[in-house]
Amino acid sequence: METGTIKFFNEKKGYGFIVDDKTEKDVFVHHTGLLDPVTNNDRVTFEISEDERGKKAINVKKGE
C-alpha cells in the first residue's frame with residue numbers, strides 16, 4: 001500500500017489527485033477507486049493500477 005495526501009478532489013466531476021509520499025508526484029484518482037469519501041488534504045492509503053491511460057490510484061481509503 002502507498003500513502004499520500006489528497007491534493008484536490010472534485011465531487012461534481014468525480015476525480016482528483018493524490019500526492020504520493022514516496023515519489024512526491026501526483027497520482028490520478030477517479031471516484032470509482034474510492035473506498036471512503038475524501039476531501040482535500042485527507043491522508044489516504046491506496047494502490048496503484050496502470051492502464052492504457054496511465055497510472056491511477058485504486059482502493060483509496062482514509063488513513064490516520
# chains A, B, ... in the order shown; residues from 1 in each chain; ligands from 1
call {"tool": "residues_around", "arguments": {"residues": "region 26-40 of chain A", "least_positions_apart": "4", "cutoff": "7 Å", "atoms": "only C-alpha atoms", "output": "PyMOL selection string"}}
result
chain A and resi 6-9+14-20+55-62
call {"tool": "atom_distance", "arguments": {"atom1": "CA of Phe46 (chain A)", "atom2": "CA of Gly63 (chain A)"}}
result
9.4 Å
call {"tool": "residues_around", "arguments": {"residues": "Thr3 (chain A)", "least_positions_apart": "6", "cutoff": "8 Å", "atoms": "only C-alpha atoms", "output": "PyMOL selection string"}}
result
chain A and resi 20-22+43-46
call {"tool": "atom_distance", "arguments": {"atom1": "CA of Glu2 (chain A)", "atom2": "CA of Glu47 (chain A)"}}
result
5.9 Å
call {"tool": "select_by_dssp", "arguments": {"residues": "chain A", "states": "strand (DSSP E or B)", "output": "PyMOL selection string"}}
result
chain A and resi 2-10+15-20+26-30+34+43-51+54-62
call {"tool": "decode", "arguments": {"residues": "region 11-57 of chain A", "atoms": "N, CA and C atoms", "output": "compact mmCIF listing (two decimals), in the first residue's frame"}}
result
# COMPACT_ATOMS: atom_id res chain seq x y z
N GLU A 11 -15.85 16.70 -6.36
CA GLU A 11 -17.01 15.80 -6.20
C GLU A 11 -17.88 15.79 -7.45
N LYS A 12 -18.13 16.96 -8.04
CA LYS A 12 -19.02 17.05 -9.20
C LYS A 12 -18.45 16.34 -10.42
N LYS A 13 -17.16 16.48 -10.64
CA LYS A 13 -16.53 15.83 -11.79
C LYS A 13 -16.12 14.40 -11.48
N GLY A 14 -15.97 14.07 -10.19
CA GLY A 14 -15.69 12.70 -9.80
C GLY A 14 -14.24 12.26 -9.91
N TYR A 15 -13.32 13.21 -9.86
CA TYR A 15 -11.91 12.84 -9.90
C TYR A 15 -11.06 13.86 -9.16
N GLY A 16 -9.79 13.49 -8.97
CA GLY A 16 -8.85 14.39 -8.32
C GLY A 16 -7.45 13.81 -8.38
N PHE A 17 -6.59 14.29 -7.49
CA PHE A 17 -5.20 13.84 -7.47
C PHE A 17 -4.71 13.65 -6.04
N ILE A 18 -3.85 12.65 -5.88
CA ILE A 18 -3.19 12.35 -4.61
C ILE A 18 -1.71 12.64 -4.79
N VAL A 19 -1.08 13.30 -3.81
CA VAL A 19 0.37 13.46 -3.83
C VAL A 19 0.96 12.24 -3.11
N ASP A 20 1.68 11.42 -3.85
CA ASP A 20 2.30 10.20 -3.33
C ASP A 20 3.45 10.59 -2.40
N ASP A 21 3.44 10.04 -1.16
CA ASP A 21 4.50 10.35 -0.19
C ASP A 21 5.89 9.95 -0.69
N LYS A 22 5.98 8.81 -1.36
CA LYS A 22 7.27 8.29 -1.79
C LYS A 22 7.87 9.10 -2.94
N THR A 23 7.07 9.31 -3.99
CA THR A 23 7.59 9.96 -5.20
C THR A 23 7.35 11.46 -5.22
N GLU A 24 6.44 11.94 -4.36
CA GLU A 24 6.02 13.34 -4.34
C GLU A 24 5.39 13.78 -5.66
N LYS A 25 4.91 12.80 -6.45
CA LYS A 25 4.24 13.10 -7.71
C LYS A 25 2.74 12.93 -7.55
N ASP A 26 2.00 13.58 -8.44
CA ASP A 26 0.54 13.47 -8.43
C ASP A 26 0.10 12.15 -9.05
N VAL A 27 -0.88 11.52 -8.41
CA VAL A 27 -1.47 10.29 -8.93
C VAL A 27 -2.96 10.56 -9.13
N PHE A 28 -3.45 10.30 -10.33
CA PHE A 28 -4.86 10.49 -10.65
C PHE A 28 -5.73 9.55 -9.83
N VAL A 29 -6.87 10.04 -9.36
CA VAL A 29 -7.84 9.18 -8.66
C VAL A 29 -9.24 9.49 -9.18
N HIS A 30 -9.95 8.43 -9.59
CA HIS A 30 -11.33 8.54 -10.06
C HIS A 30 -12.24 8.10 -8.93
N HIS A 31 -13.47 8.61 -8.90
CA HIS A 31 -14.38 8.27 -7.80
C HIS A 31 -14.62 6.76 -7.70
N THR A 32 -14.47 6.02 -8.80
CA THR A 32 -14.66 4.57 -8.75
C THR A 32 -13.55 3.87 -7.98
N GLY A 33 -12.42 4.56 -7.74
CA GLY A 33 -11.31 3.98 -6.99
C GLY A 33 -11.36 4.26 -5.49
N LEU A 34 -12.40 4.99 -5.05
CA LEU A 34 -12.51 5.36 -3.64
C LEU A 34 -13.27 4.31 -2.84
N LEU A 35 -12.75 3.96 -1.68
CA LEU A 35 -13.47 3.10 -0.74
C LEU A 35 -14.11 3.94 0.36
N ASP A 36 -13.58 5.15 0.60
CA ASP A 36 -14.12 6.10 1.59
C ASP A 36 -14.30 7.44 0.88
N PRO A 37 -15.27 8.26 1.34
CA PRO A 37 -15.37 9.63 0.81
C PRO A 37 -14.13 10.42 1.24
N VAL A 38 -13.62 11.26 0.34
CA VAL A 38 -12.41 12.04 0.65
C VAL A 38 -12.63 13.51 0.36
N THR A 39 -11.83 14.34 1.04
CA THR A 39 -11.81 15.77 0.77
C THR A 39 -10.35 16.22 0.71
N ASN A 40 -10.14 17.44 0.28
CA ASN A 40 -8.79 17.98 0.15
C ASN A 40 -8.02 17.85 1.46
N ASN A 41 -6.75 17.50 1.36
CA ASN A 41 -5.80 17.36 2.46
C ASN A 41 -6.00 16.12 3.33
N ASP A 42 -6.93 15.23 2.97
CA ASP A 42 -7.07 13.96 3.71
C ASP A 42 -5.85 13.09 3.48
N ARG A 43 -5.41 12.42 4.54
CA ARG A 43 -4.35 11.41 4.42
C ARG A 43 -5.01 10.11 3.96
N VAL A 44 -4.40 9.44 2.98
CA VAL A 44 -5.00 8.22 2.43
C VAL A 44 -3.95 7.14 2.20
N THR A 45 -4.44 5.90 2.11
CA THR A 45 -3.64 4.79 1.62
C THR A 45 -4.29 4.34 0.32
N PHE A 46 -3.47 3.80 -0.59
CA PHE A 46 -4.00 3.42 -1.89
C PHE A 46 -3.06 2.45 -2.59
N GLU A 47 -3.56 1.84 -3.65
CA GLU A 47 -2.75 1.00 -4.53
C GLU A 47 -2.68 1.70 -5.88
N ILE A 48 -1.66 1.36 -6.65
CA ILE A 48 -1.51 1.97 -7.98
C ILE A 48 -1.84 0.94 -9.04
N SER A 49 -2.69 1.34 -9.97
CA SER A 49 -3.07 0.50 -11.10
C SER A 49 -2.62 1.23 -12.36
N GLU A 50 -2.30 0.47 -13.40
CA GLU A 50 -1.89 1.11 -14.64
C GLU A 50 -2.72 0.55 -15.78
N ASP A 51 -3.23 1.46 -16.62
CA ASP A 51 -3.97 1.03 -17.80
C ASP A 51 -3.46 1.83 -19.00
N GLU A 52 -4.20 1.79 -20.11
CA GLU A 52 -3.74 2.48 -21.32
C GLU A 52 -3.65 3.99 -21.15
N ARG A 53 -4.35 4.54 -20.17
CA ARG A 53 -4.29 5.98 -19.92
C ARG A 53 -3.17 6.37 -18.97
N GLY A 54 -2.57 5.41 -18.27
CA GLY A 54 -1.50 5.72 -17.33
C GLY A 54 -1.81 5.20 -15.94
N LYS A 55 -1.11 5.75 -14.96
CA LYS A 55 -1.27 5.29 -13.57
C LYS A 55 -2.46 5.97 -12.91
N LYS A 56 -3.12 5.20 -12.02
CA LYS A 56 -4.20 5.78 -11.23
C LYS A 56 -4.27 5.08 -9.90
N ALA A 57 -4.84 5.78 -8.93
CA ALA A 57 -4.98 5.22 -7.58
C ALA A 57 -6.27 4.41 -7.50
